[in-house]
Amino acid sequence: MNATTPILELKEITKHFGAIKAVDGVSFSIMPGECVGLVGDNGAGKSTIVKVISGYHPQTSGRLLIRGKEATFASPSDSRKHKIETVYQNLALVEQLGVSANFFLGREIHTGWGRTIRYLDRKAMRQKAAEELQRIGISIQSADATVSDLSGGQRQSIAIARSIFWGSECLILDEPTAALGVNETNAVAELIQRVVKSGVSVLIVSHDIDLITKLCSRIVVLRQGKLWSKLKTSEVSAADIVHHITGTARAA
Amino acid sequence: MTENANSNMSHQRKGILDSAKPALRNVNTVVFPTVLCVILLSLFSDKFLTVENQLNILRSAAVAMIVGVGQVFVISARQIDLSVGSVMGLTACLTGFLVFDGYPLILCFAFAVAVGAALGLCNGLIVGFLKVPALLGTLGMLVLARGVVQEVMYGTYHVRFPANFVVLGQGNTLGVPNLVWVAAVVVIAGHFVLTRLEYGRYILAIGGNPEAARIAGIKVRRYIIIAFVVQAALVALAAFLLMGRMNSAHPTLGQGLELHIIAGVILGGTSLFGGIGRVWGMAIAMYLIAVLENGLLLAGASFFWQQILLGLLLILSVAIQVYRTRGNPAGQ
């Protein structure tokens, strides 16, 4: 793969739910280390696209190319195997468990002698989670802290950090700041910037146009399940983007 | 009283409740009432704190502790098993036939566990595959299993088992009832599995956020089915020991056991809403219930008072839990 090969490419993706066409022939791509925004009004098909990319719903037709090679995702684990991680709006964290337990959920470390009975190496997981959080500049009281005791911003950061830790090369963020206040939104935006700078490709699905213009170099606009326009952030204003989402403006 | 004064009082009350919240969250709420009950009952009766009486209390709590371990896993996974009492009755009565036919004890034991596990598997499949809510699915099994055992026994019951079988439930080892030894092993093993093994963590994750568990690649349905199977297998183990202790097996064995077990599990700190499991808390709560029953007995109260007490404990434990989880879904 070279720098001109997209890390993720959607070609004519269509998804039907019975008679309903949720997504109709959508094509776009994300380059390595690029941050792309996916916007659209409610019912535009954004969530369906995210679910197709993350392996939750296989597409009805169309092709998914990962680093130039066609891939078929039958489940979320297939998507993860291709180093695509999705951070969902509900964050997919277990509030009753600690930070390190969430960090390693489904991919636990076991002690050498306890592999057969799946004995958890809690110390190693705690240590690694703390190191990773420190490395990407996330401050929390302790890797033992229960998720329910953390703020919305901290939870979002942990969900993102977890994806990065697992070697994600393409991160899909579904409404990353929907439930956050101003300060927390800024902190998460800074974290996303650091992630993009580290070479990870990011697709942000959001209604927050300010966030999209601040972080993304390109924007894909969907309308009623169809690709409406592809924009370069440097060439449009926030008002233009809103006009593309709701009005009649259109760009190729 | 004026409206203002009323509002001030409710404000003050809210303040007191808020300040008590962290303490309530951090202390396992069953420890304090247990200690209090033990102190109070020891003041009322000289016999209460004797080794003999304490071993009696532990012996009567042992069966509930064994069954309770399984229920901690089931409830932690955001499920519930109402069929434990009927599964106990059916398992005991069917196993009774084998015991009387002279089969080796180990074979009888394996049979009992296999019957229990099979009934648990049915519960698991009903909940996991048919997507019937656990409350209704296991309620169906409660009625079904009780009906089957009544039909099989047809008004009869097993009594006076061979001595080598009875000793399992009535005998002592190193001065401690065998039942208590078995309960101790099951409780320690349950705590170990829930807190130290991947299986326990997955159960808590499934109970806390099933969607997150699924996204993390955990086979949610499989783990829920296993929880039901383990629960019923532990019920069978408890039934096997109880048959020996009572030297009989009735078709009504275990009737009403489900409420006793659920009360103990919830009182012990396991969250009815899933995600939090407390095996030690459950064991202490079962001891507390047995202490109260014993205390009422020593005080000469009728059996019905035990039921009244159990009902009150169940309501109280759920109310405490709802209060603890208010504004804090993790309930910590």
# chains A, B, ... in the order shown; residues from 1 in each chain; ligands from 1

$ interface_residues --of "chain B" --to "chain A" --cutoff "7 Å" --atoms "only C-alpha atoms" --output "short mmCIF file (atom, residue, chain, number, x, y, z; two decimals) with N, CA and C atoms, in the first residue's frame"
data_model
loop_
_atom_site.label_atom_id
_atom_site.label_comp_id
_atom_site.auth_asym_id
_atom_site.auth_seq_id
_atom_site.Cartn_x
_atom_site.Cartn_y
_atom_site.Cartn_z
N ARG B 196 -12.08 -13.13 39.43
CA ARG B 196 -10.73 -13.38 38.93
C ARG B 196 -10.68 -13.98 37.53
N LEU B 197 -11.76 -14.59 37.10
CA LEU B 197 -11.73 -15.27 35.79
C LEU B 197 -12.48 -14.47 34.73
N GLU B 198 -12.09 -14.75 33.50
CA GLU B 198 -12.70 -14.07 32.35
C GLU B 198 -14.21 -14.29 32.33
N ALA B 205 -19.98 -7.79 32.51
CA ALA B 205 -20.06 -6.90 31.34
C ALA B 205 -21.40 -7.06 30.63
N GLY B 208 -23.97 -5.41 32.74
CA GLY B 208 -23.81 -3.95 32.78
C GLY B 208 -24.23 -3.30 31.48
N ASN B 209 -23.83 -3.86 30.36
CA ASN B 209 -24.13 -3.27 29.06
C ASN B 209 -24.03 -4.37 27.99
N GLU B 211 -24.95 -4.60 25.00
CA GLU B 211 -24.55 -4.13 23.67
C GLU B 211 -23.04 -3.95 23.61
N ALA B 212 -22.47 -3.34 24.67
CA ALA B 212 -21.02 -3.15 24.72
C ALA B 212 -20.32 -4.50 24.73
N ILE B 215 -20.40 -5.86 21.22
CA ILE B 215 -19.45 -5.14 20.36
C ILE B 215 -18.01 -5.58 20.66
N ALA B 216 -17.75 -5.90 21.94
CA ALA B 216 -16.40 -6.32 22.33
C ALA B 216 -16.11 -7.76 21.89
N GLY B 217 -17.08 -8.39 21.25
CA GLY B 217 -16.85 -9.74 20.72
C GLY B 217 -17.24 -10.84 21.68
N ILE B 218 -17.88 -10.49 22.79
CA ILE B 218 -18.29 -11.50 23.77
C ILE B 218 -19.56 -12.19 23.27
N GLY B 275 -24.75 -6.27 36.16
CA GLY B 275 -23.45 -5.60 36.15
C GLY B 275 -22.68 -5.62 37.45
N ILE B 276 -23.36 -5.89 38.56
CA ILE B 276 -22.67 -5.94 39.86
C ILE B 276 -23.06 -7.25 40.54
N ASN B 328 -26.89 7.10 39.52
CA ASN B 328 -25.61 6.44 39.38
C ASN B 328 -25.86 5.01 38.92
N ALA B 330 -24.26 2.69 37.87
CA ALA B 330 -23.37 1.60 38.27
C ALA B 330 -23.66 1.16 39.69
#

$ residues_around --residues "range 118-124 of chain B" --least-positions-apart "2" --cutoff "7 Å" --atoms "only C-alpha atoms" --output "JSON, numbers by chain"
{"B": [114, 115, 116, 126, 127, 128, 137, 138, 224, 225, 228, 229, 231, 232]}

$ select_by_dssp --residues "range 8-209 of chain A" --states "alpha helix (DSSP H)" --output "PyMOL selection string"
chain A and resi 46-53+76-81+99-103+122-135+152-165+182-197+209

$ residues_around --residues "range 19-34 of chain A" --least-positions-apart "5" --cutoff "6 Å" --atoms "only C-alpha atoms" --output "MDAnalysis selection string"
chainID A and resid 6:14 45 196 199:201 225:227
